[in-house]
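A short write-up of the structure that comes next.
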Amino acid sequence: MRNFIIILFTILLLPVITNAQKWKRNRVEYSFGIGATNFLGDLGGADQVGTNGLRDLEMQATRMGGVLGYRYQLGEDWFVRGNFNYVMVAGDDALTKEPARNRRQLSFRSHIMELSAQGEYMLVKQKSGHLYRLRGVRGKSWFRFEVYVFGGIGGIWYNPQSRNPQGDWVSLKNLNTEGQGLAGGPKDYSGFTAVIPYGIGIRRNLGGSTRQGLWAIGLELSMRKTFSDYIDDVSDVYYDGNAIRAAYGDEAAYFADPSGKNSIGYAEPQQRGDKSDKDTYMMGIISLNYKPAKRRRNLPKF
């Protein structure tokens, strides 16, 4: 009787055990994605006095980005992944109707290279079942999507640029537009900073098998908290325009204050940015994901 009970429980639990181990068959996944990016910083923004977060979103500043990723499954619901992202971000005071911000006439773009490591947790799993729907045929329930959240840490390289009056793009970092290197001015910024990526994603399997490879498509929405306020080359107050011109030349003086109204003639420095609020950028990415076929071990021949 005892042996019968053991055999019965083994038969009943075998499908559960087998299903629980399926994730071990294909742990590795590669992904490629493209999508939209937007920047939340000191330039441009909504038609209001500068605010934090999504309330300051300016849709006309949306640009493009791309992602290459490697994902590895640690457990049934846990994953780790490494991403390399190319991101373009931009901001322009001409896009806002808020008088003080529009008056600055500052603008920028920046190419961002990001390398990050992230952890991922599956909130909702995609369930398998019958893919056909026939009248009178009762199949298994089938949820078509999986939902996950993620967070991590990474680093970025950035290089803010703006157009000169001739229409050429000029890198701003070495122009010291806020008086970097001068008496009372801020320190130089490096062009590198740490970032914290976090967000949510949804995926759907497209088909395939463990022998042929598995394909999936996904949509991911994410934010990047940075530890720099100079991705747009703007952070604090205007430095004296004449001093910048004497130290760094006419081009530096122009990009420090394209309007010519804010850096000369004031007893107290005028506000140029908000150094208390670090820059942020966001991404909306559509990705194509591939799990390579599981290699079959060569069995000995007799």
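Residues in the structure tokens are numbered from 1 in each chain, the chains being A, B, ... in the order shown, and ligands are numbered from 1 in the order shown.
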
query: If you count only C-alpha atoms, which residues fall within 12 Å of A:Arg203, apart from same-chain ones fewer than 4 positions away, as number ranges by chain?
result: A: 31, 122-126, 143-149, 215-221, 285-289

With N, CA and C atoms retained, export the selected residues as a CSV table (one decimal), in the first residue's frame.
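Final output, again.csv:
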chain,number,residue,atom,x,y,z
A,31,SER,N,18.3,40.5,-27.4
A,31,SER,CA,17.2,41.4,-27.8
A,31,SER,C,17.8,42.6,-28.6
A,122,MET,N,9.3,38.8,-12.9
A,122,MET,CA,8.1,38.6,-13.7
A,122,MET,C,6.8,38.6,-12.8
A,123,LEU,N,6.0,39.6,-13.0
A,123,LEU,CA,4.7,39.8,-12.3
A,123,LEU,C,3.6,38.8,-12.7
A,124,VAL,N,3.5,38.7,-14.1
A,124,VAL,CA,2.4,37.9,-14.7
A,124,VAL,C,3.1,37.1,-15.8
A,125,LYS,N,2.9,35.8,-15.7
A,125,LYS,CA,3.4,34.9,-16.7
A,125,LYS,C,2.5,34.6,-17.8
A,126,GLN,N,3.1,34.4,-19.0
A,126,GLN,CA,2.2,34.0,-20.1
A,126,GLN,C,2.0,32.5,-20.0
A,143,PHE,N,-3.4,33.1,-21.4
A,143,PHE,CA,-3.1,34.5,-21.3
A,143,PHE,C,-1.9,34.8,-22.2
A,144,ARG,N,-2.1,35.8,-23.1
A,144,ARG,CA,-1.2,36.0,-24.2
A,144,ARG,C,0.0,36.9,-23.9
A,145,PHE,N,0.1,37.5,-22.7
A,145,PHE,CA,1.2,38.4,-22.4
A,145,PHE,C,1.8,38.0,-21.0
A,146,GLU,N,3.1,38.5,-20.9
A,146,GLU,CA,3.7,38.5,-19.6
A,146,GLU,C,4.1,39.9,-19.2
A,147,VAL,N,4.1,40.2,-17.9
A,147,VAL,CA,4.3,41.5,-17.4
A,147,VAL,C,5.4,41.5,-16.4
A,148,TYR,N,6.4,42.4,-16.5
A,148,TYR,CA,7.5,42.4,-15.6
A,148,TYR,C,7.9,43.8,-15.2
A,149,VAL,N,8.6,43.9,-14.1
A,149,VAL,CA,9.2,45.2,-13.6
A,149,VAL,C,10.7,45.0,-13.5
A,215,TRP,N,11.0,33.1,-30.2
A,215,TRP,CA,10.9,34.5,-30.5
A,215,TRP,C,9.8,35.2,-29.6
A,216,ALA,N,10.1,36.4,-29.3
A,216,ALA,CA,9.1,37.2,-28.5
A,216,ALA,C,9.2,38.6,-28.9
A,217,ILE,N,8.1,39.4,-28.8
A,217,ILE,CA,8.1,40.8,-29.0
A,217,ILE,C,7.7,41.5,-27.7
A,218,GLY,N,8.3,42.7,-27.4
A,218,GLY,CA,8.0,43.3,-26.2
A,218,GLY,C,7.9,44.8,-26.3
A,219,LEU,N,7.2,45.4,-25.3
A,219,LEU,CA,7.1,46.9,-25.2
A,219,LEU,C,7.6,47.2,-23.8
A,220,GLU,N,8.5,48.2,-23.7
A,220,GLU,CA,9.1,48.5,-22.4
A,220,GLU,C,9.1,50.0,-22.2
A,221,LEU,N,8.6,50.5,-21.0
A,221,LEU,CA,8.6,51.9,-20.7
A,221,LEU,C,9.5,52.1,-19.5
A,285,ILE,N,10.5,51.6,-25.7
A,285,ILE,CA,11.2,50.7,-26.6
A,285,ILE,C,10.3,49.5,-27.0
A,286,ILE,N,10.3,49.3,-28.3
A,286,ILE,CA,9.7,48.0,-28.8
A,286,ILE,C,10.8,47.1,-29.2
A,287,SER,N,10.8,45.9,-28.7
A,287,SER,CA,12.0,45.0,-28.9
A,287,SER,C,11.6,43.7,-29.5
A,288,LEU,N,12.5,43.1,-30.2
A,288,LEU,CA,12.4,41.7,-30.7
A,288,LEU,C,13.4,40.9,-29.9
A,289,ASN,N,12.9,39.8,-29.4
A,289,ASN,CA,13.8,39.0,-28.4
A,289,ASN,C,13.9,37.5,-29.0

message: Between atom CA of A:Ile156 and atom CA of A:Gly284, what is the distance in Å, rounded to a tenth?
response: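 If I compute the distance from atom CA of A:Ile156 to atom CA of A:Gly284, I get 17.9 Å.
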
- prompt: Which distance in Å separates atom CA of A:Ala94 and atom CA of A:Phe108, to one decimal?
  reply: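 For atom CA of A:Ala94 relative to atom CA of A:Phe108, the distance reads 11.2 Å.
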
Test item: residues at most 7 Å from stretch 249-255 of chain A, only C-alpha atoms, excluding those fewer than 3 positions along its chain, as a PyMOL selection string: chain A and resi 175-177+241+244-246+258

Report as a PDB file with N, CA and C atoms, in the first residue's frame all protein, DNA and RNA residues lying within 6 Å of A:Leu68, evaluated on only C-alpha atoms, omitting residues in the same chain fewer than 6 positions from it.
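The resulting result_0.pdb:
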ATOM      1  N   SER A  31      18.273  40.490 -27.389  1.00  0.00           N
ATOM      2  CA  SER A  31      17.198  41.395 -27.806  1.00  0.00           C
ATOM      3  C   SER A  31      17.759  42.595 -28.556  1.00  0.00           C
ATOM      4  N   PHE A  32      16.914  43.118 -29.439  1.00  0.00           N
ATOM      5  CA  PHE A  32      17.199  44.344 -30.179  1.00  0.00           C
ATOM      6  C   PHE A  32      15.935  45.184 -30.168  1.00  0.00           C
ATOM      7  N   ASN A  83      22.433  45.698 -20.816  1.00  0.00           N
ATOM      8  CA  ASN A  83      21.962  46.477 -21.954  1.00  0.00           C
ATOM      9  C   ASN A  83      23.009  47.477 -22.413  1.00  0.00           C
ATOM     10  N   PHE A  84      23.113  47.638 -23.725  1.00  0.00           N
ATOM     11  CA  PHE A  84      23.827  48.773 -24.297  1.00  0.00           C
ATOM     12  C   PHE A  84      22.815  49.603 -25.057  1.00  0.00           C
TER      13      PHE A  84
END

message: I need the residues in stretch 144-221 of chain A that are strand (DSSP E or B) according to DSSP; give them as a ChimeraX atom specification.
response: /A:146-163,169-171,192-209,213-221

I need the residues from that last selection saved to file as a compact mmCIF listing (two decimals), in the first residue's frame (with N, CA and C atoms), if you can.
# COMPACT_ATOMS: atom_id res chain seq x y z
N GLU A 146 3.05 38.50 -20.87
CA GLU A 146 3.70 38.46 -19.57
C GLU A 146 4.12 39.88 -19.20
N VAL A 147 4.06 40.20 -17.92
CA VAL A 147 4.32 41.55 -17.43
C VAL A 147 5.44 41.47 -16.40
N TYR A 148 6.39 42.40 -16.46
CA TYR A 148 7.53 42.39 -15.55
C TYR A 148 7.93 43.81 -15.16
N VAL A 149 8.64 43.91 -14.06
CA VAL A 149 9.22 45.18 -13.62
C VAL A 149 10.73 44.98 -13.52
N PHE A 150 11.48 46.08 -13.58
CA PHE A 150 12.94 45.95 -13.53
C PHE A 150 13.56 47.20 -12.92
N GLY A 151 14.78 47.05 -12.48
CA GLY A 151 15.58 48.15 -11.96
C GLY A 151 17.04 47.76 -11.98
N GLY A 152 17.94 48.74 -11.93
CA GLY A 152 19.36 48.42 -12.00
C GLY A 152 20.23 49.63 -11.82
N ILE A 153 21.44 49.53 -12.33
CA ILE A 153 22.40 50.62 -12.25
C ILE A 153 23.25 50.59 -13.50
N GLY A 154 23.72 51.76 -13.92
CA GLY A 154 24.54 51.83 -15.12
C GLY A 154 25.33 53.12 -15.17
N GLY A 155 25.98 53.32 -16.29
CA GLY A 155 26.75 54.54 -16.52
C GLY A 155 26.53 55.04 -17.92
N ILE A 156 26.63 56.35 -18.12
CA ILE A 156 26.43 56.94 -19.45
C ILE A 156 27.56 57.90 -19.78
N TRP A 157 27.81 58.03 -21.07
CA TRP A 157 28.65 59.08 -21.62
C TRP A 157 27.75 60.00 -22.41
N TYR A 158 27.91 61.31 -22.23
CA TYR A 158 27.06 62.27 -22.93
C TYR A 158 27.90 63.45 -23.41
N ASN A 159 27.40 64.14 -24.42
CA ASN A 159 28.14 65.26 -25.02
C ASN A 159 27.15 66.29 -25.53
N PRO A 160 26.77 67.27 -24.69
CA PRO A 160 25.79 68.28 -25.13
C PRO A 160 26.34 69.16 -26.25
N GLN A 161 25.48 69.43 -27.22
CA GLN A 161 25.83 70.28 -28.37
C GLN A 161 24.71 71.29 -28.62
N SER A 162 25.05 72.37 -29.31
CA SER A 162 24.04 73.32 -29.75
C SER A 162 24.48 73.93 -31.08
N ARG A 163 23.54 74.56 -31.78
CA ARG A 163 23.84 75.15 -33.08
C ARG A 163 24.34 76.58 -32.92
N TRP A 169 26.67 72.35 -35.57
CA TRP A 169 26.62 71.81 -34.22
C TRP A 169 27.97 71.97 -33.54
N VAL A 170 27.95 72.48 -32.32
CA VAL A 170 29.18 72.74 -31.56
C VAL A 170 29.06 72.07 -30.20
N SER A 171 30.11 71.34 -29.79
CA SER A 171 30.13 70.72 -28.46
C SER A 171 30.33 71.81 -27.40
N PHE A 192 30.59 62.02 -17.96
CA PHE A 192 30.20 60.67 -17.53
C PHE A 192 29.40 60.79 -16.24
N THR A 193 28.39 59.93 -16.08
CA THR A 193 27.64 59.90 -14.83
C THR A 193 26.97 58.54 -14.66
N ALA A 194 26.66 58.22 -13.41
CA ALA A 194 25.89 57.01 -13.13
C ALA A 194 24.42 57.25 -13.37
N VAL A 195 23.69 56.19 -13.69
CA VAL A 195 22.24 56.28 -13.89
C VAL A 195 21.57 55.11 -13.18
N ILE A 196 20.31 55.30 -12.82
CA ILE A 196 19.49 54.23 -12.27
C ILE A 196 18.30 54.02 -13.20
N PRO A 197 18.31 52.94 -13.98
CA PRO A 197 17.16 52.64 -14.85
C PRO A 197 16.10 51.84 -14.10
N TYR A 198 14.84 52.16 -14.35
CA TYR A 198 13.74 51.39 -13.76
C TYR A 198 12.52 51.53 -14.65
N GLY A 199 11.63 50.53 -14.60
CA GLY A 199 10.45 50.61 -15.45
C GLY A 199 9.63 49.34 -15.43
N ILE A 200 8.78 49.22 -16.43
CA ILE A 200 7.85 48.10 -16.56
C ILE A 200 7.79 47.67 -18.03
N GLY A 201 7.56 46.38 -18.25
CA GLY A 201 7.51 45.88 -19.61
C GLY A 201 6.42 44.84 -19.79
N ILE A 202 6.06 44.61 -21.05
CA ILE A 202 5.06 43.59 -21.40
C ILE A 202 5.58 42.87 -22.64
N ARG A 203 5.41 41.55 -22.66
CA ARG A 203 5.95 40.73 -23.74
C ARG A 203 4.93 39.70 -24.20
N ARG A 204 5.11 39.24 -25.43
CA ARG A 204 4.29 38.15 -25.96
C ARG A 204 5.17 37.24 -26.80
N ASN A 205 5.05 35.95 -26.55
CA ASN A 205 5.78 34.98 -27.34
C ASN A 205 5.21 34.91 -28.75
N LEU A 206 6.11 34.81 -29.73
CA LEU A 206 5.69 34.73 -31.13
C LEU A 206 5.71 33.31 -31.66
N GLY A 207 6.39 32.42 -30.97
CA GLY A 207 6.42 31.04 -31.42
C GLY A 207 7.84 30.51 -31.50
N GLY A 208 7.94 29.27 -31.89
CA GLY A 208 9.23 28.60 -31.95
C GLY A 208 9.25 27.43 -30.99
N SER A 209 10.42 26.87 -30.78
CA SER A 209 10.57 25.73 -29.89
C SER A 209 11.97 25.75 -29.30
N GLY A 213 14.60 27.56 -31.47
CA GLY A 213 14.74 28.93 -30.97
C GLY A 213 13.38 29.55 -30.74
N LEU A 214 13.28 30.39 -29.74
CA LEU A 214 12.02 31.03 -29.36
C LEU A 214 12.09 32.52 -29.62
N TRP A 215 11.00 33.08 -30.17
CA TRP A 215 10.92 34.50 -30.48
C TRP A 215 9.84 35.17 -29.63
N ALA A 216 10.05 36.41 -29.26
CA ALA A 216 9.06 37.18 -28.51
C ALA A 216 9.17 38.65 -28.90
N ILE A 217 8.08 39.38 -28.75
CA ILE A 217 8.06 40.82 -28.99
C ILE A 217 7.67 41.51 -27.69
N GLY A 218 8.25 42.67 -27.43
CA GLY A 218 8.00 43.33 -26.16
C GLY A 218 7.88 44.83 -26.29
N LEU A 219 7.22 45.43 -25.30
CA LEU A 219 7.13 46.88 -25.17
C LEU A 219 7.58 47.23 -23.76
N GLU A 220 8.50 48.18 -23.66
CA GLU A 220 9.07 48.54 -22.36
C GLU A 220 9.07 50.05 -22.18
N LEU A 221 8.59 50.51 -21.02
CA LEU A 221 8.59 51.91 -20.66
C LEU A 221 9.51 52.10 -19.46

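For the set A:Gly41, A:Gly184, A:Gly191, A:Gly33, the residue with the smallest atom-to-atom gap to A:Asp92 is A:Gly41, counting only C-alpha atoms.
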
Expected answer as a PDB file with N, CA and C atoms, in the first residue's frame: helix (DSSP H, G or I) residues in stretch 35-181 of chain A:
ATOM      1  N   GLY A  53       9.515  66.120 -13.157  1.00  0.00           N
ATOM      2  CA  GLY A  53       8.861  64.907 -13.636  1.00  0.00           C
ATOM      3  C   GLY A  53       8.056  65.106 -14.904  1.00  0.00           C
ATOM      4  N   LEU A  54       7.063  64.230 -15.076  1.00  0.00           N
ATOM      5  CA  LEU A  54       6.287  64.184 -16.305  1.00  0.00           C
ATOM      6  C   LEU A  54       5.445  65.433 -16.530  1.00  0.00           C
ATOM      7  N   ARG A  55       5.230  66.236 -15.498  1.00  0.00           N
ATOM      8  CA  ARG A  55       4.463  67.470 -15.682  1.00  0.00           C
ATOM      9  C   ARG A  55       5.190  68.445 -16.597  1.00  0.00           C
ATOM     10  N   ASP A  56       6.496  68.243 -16.793  1.00  0.00           N
ATOM     11  CA  ASP A  56       7.288  69.139 -17.630  1.00  0.00           C
ATOM     12  C   ASP A  56       7.602  68.526 -18.997  1.00  0.00           C
ATOM     13  N   MET A  59       6.415  67.014 -25.793  1.00  0.00           N
ATOM     14  CA  MET A  59       6.387  65.945 -26.789  1.00  0.00           C
ATOM     15  C   MET A  59       7.196  66.285 -28.036  1.00  0.00           C
ATOM     16  N   GLN A  60       7.313  67.577 -28.383  1.00  0.00           N
ATOM     17  CA  GLN A  60       8.061  67.958 -29.575  1.00  0.00           C
ATOM     18  C   GLN A  60       9.557  67.694 -29.434  1.00  0.00           C
ATOM     19  N   ALA A  61      10.011  67.451 -28.214  1.00  0.00           N
ATOM     20  CA  ALA A  61      11.427  67.152 -27.992  1.00  0.00           C
ATOM     21  C   ALA A  61      11.711  65.656 -28.068  1.00  0.00           C
ATOM     22  N   ASP A  93      14.333  75.939 -25.711  1.00  0.00           N
ATOM     23  CA  ASP A  93      13.469  76.957 -25.088  1.00  0.00           C
ATOM     24  C   ASP A  93      12.450  77.520 -26.065  1.00  0.00           C
ATOM     25  N   ALA A  94      12.712  77.401 -27.353  1.00  0.00           N
ATOM     26  CA  ALA A  94      11.764  77.916 -28.341  1.00  0.00           C
ATOM     27  C   ALA A  94      10.463  77.115 -28.347  1.00  0.00           C
ATOM     28  N   LEU A  95      10.462  75.916 -27.734  1.00  0.00           N
ATOM     29  CA  LEU A  95       9.276  75.068 -27.729  1.00  0.00           C
ATOM     30  C   LEU A  95       8.311  75.398 -26.597  1.00  0.00           C
ATOM     31  N   PRO A  99       7.288  82.647 -20.502  1.00  0.00           N
ATOM     32  CA  PRO A  99       8.129  83.791 -20.885  1.00  0.00           C
ATOM     33  C   PRO A  99       9.575  83.703 -20.427  1.00  0.00           C
ATOM     34  N   ALA A 100       9.808  83.386 -19.160  1.00  0.00           N
ATOM     35  CA  ALA A 100      11.173  83.384 -18.634  1.00  0.00           C
ATOM     36  C   ALA A 100      12.033  82.318 -19.301  1.00  0.00           C
ATOM     37  N   ARG A 101      11.459  81.155 -19.541  1.00  0.00           N
ATOM     38  CA  ARG A 101      12.221  80.081 -20.164  1.00  0.00           C
ATOM     39  C   ARG A 101      12.437  80.357 -21.651  1.00  0.00           C
ATOM     40  N   ASN A 102      11.430  80.857 -22.320  1.00  0.00           N
ATOM     41  CA  ASN A 102      11.559  81.183 -23.739  1.00  0.00           C
ATOM     42  C   ASN A 102      12.588  82.285 -23.963  1.00  0.00           C
ATOM     43  N   ARG A 103      12.697  83.180 -23.021  1.00  0.00           N
ATOM     44  CA  ARG A 103      13.609  84.327 -23.126  1.00  0.00           C
ATOM     45  C   ARG A 103      15.071  83.907 -23.129  1.00  0.00           C
ATOM     46  N   ARG A 104      15.403  82.789 -22.540  1.00  0.00           N
ATOM     47  CA  ARG A 104      16.804  82.356 -22.477  1.00  0.00           C
ATOM     48  C   ARG A 104      17.372  82.035 -23.858  1.00  0.00           C
ATOM     49  N   LYS A 173      30.770  71.357 -23.820  1.00  0.00           N
ATOM     50  CA  LYS A 173      31.463  71.081 -22.566  1.00  0.00           C
ATOM     51  C   LYS A 173      32.714  71.923 -22.397  1.00  0.00           C
ATOM     52  N   ASN A 174      33.567  71.978 -23.401  1.00  0.00           N
ATOM     53  CA  ASN A 174      34.849  72.681 -23.274  1.00  0.00           C
ATOM     54  C   ASN A 174      34.731  74.196 -23.422  1.00  0.00           C
ATOM     55  N   LEU A 175      33.515  74.696 -23.672  1.00  0.00           N
ATOM     56  CA  LEU A 175      33.325  76.143 -23.779  1.00  0.00           C
ATOM     57  C   LEU A 175      33.083  76.784 -22.414  1.00  0.00           C
TER      58      LEU A 175
END
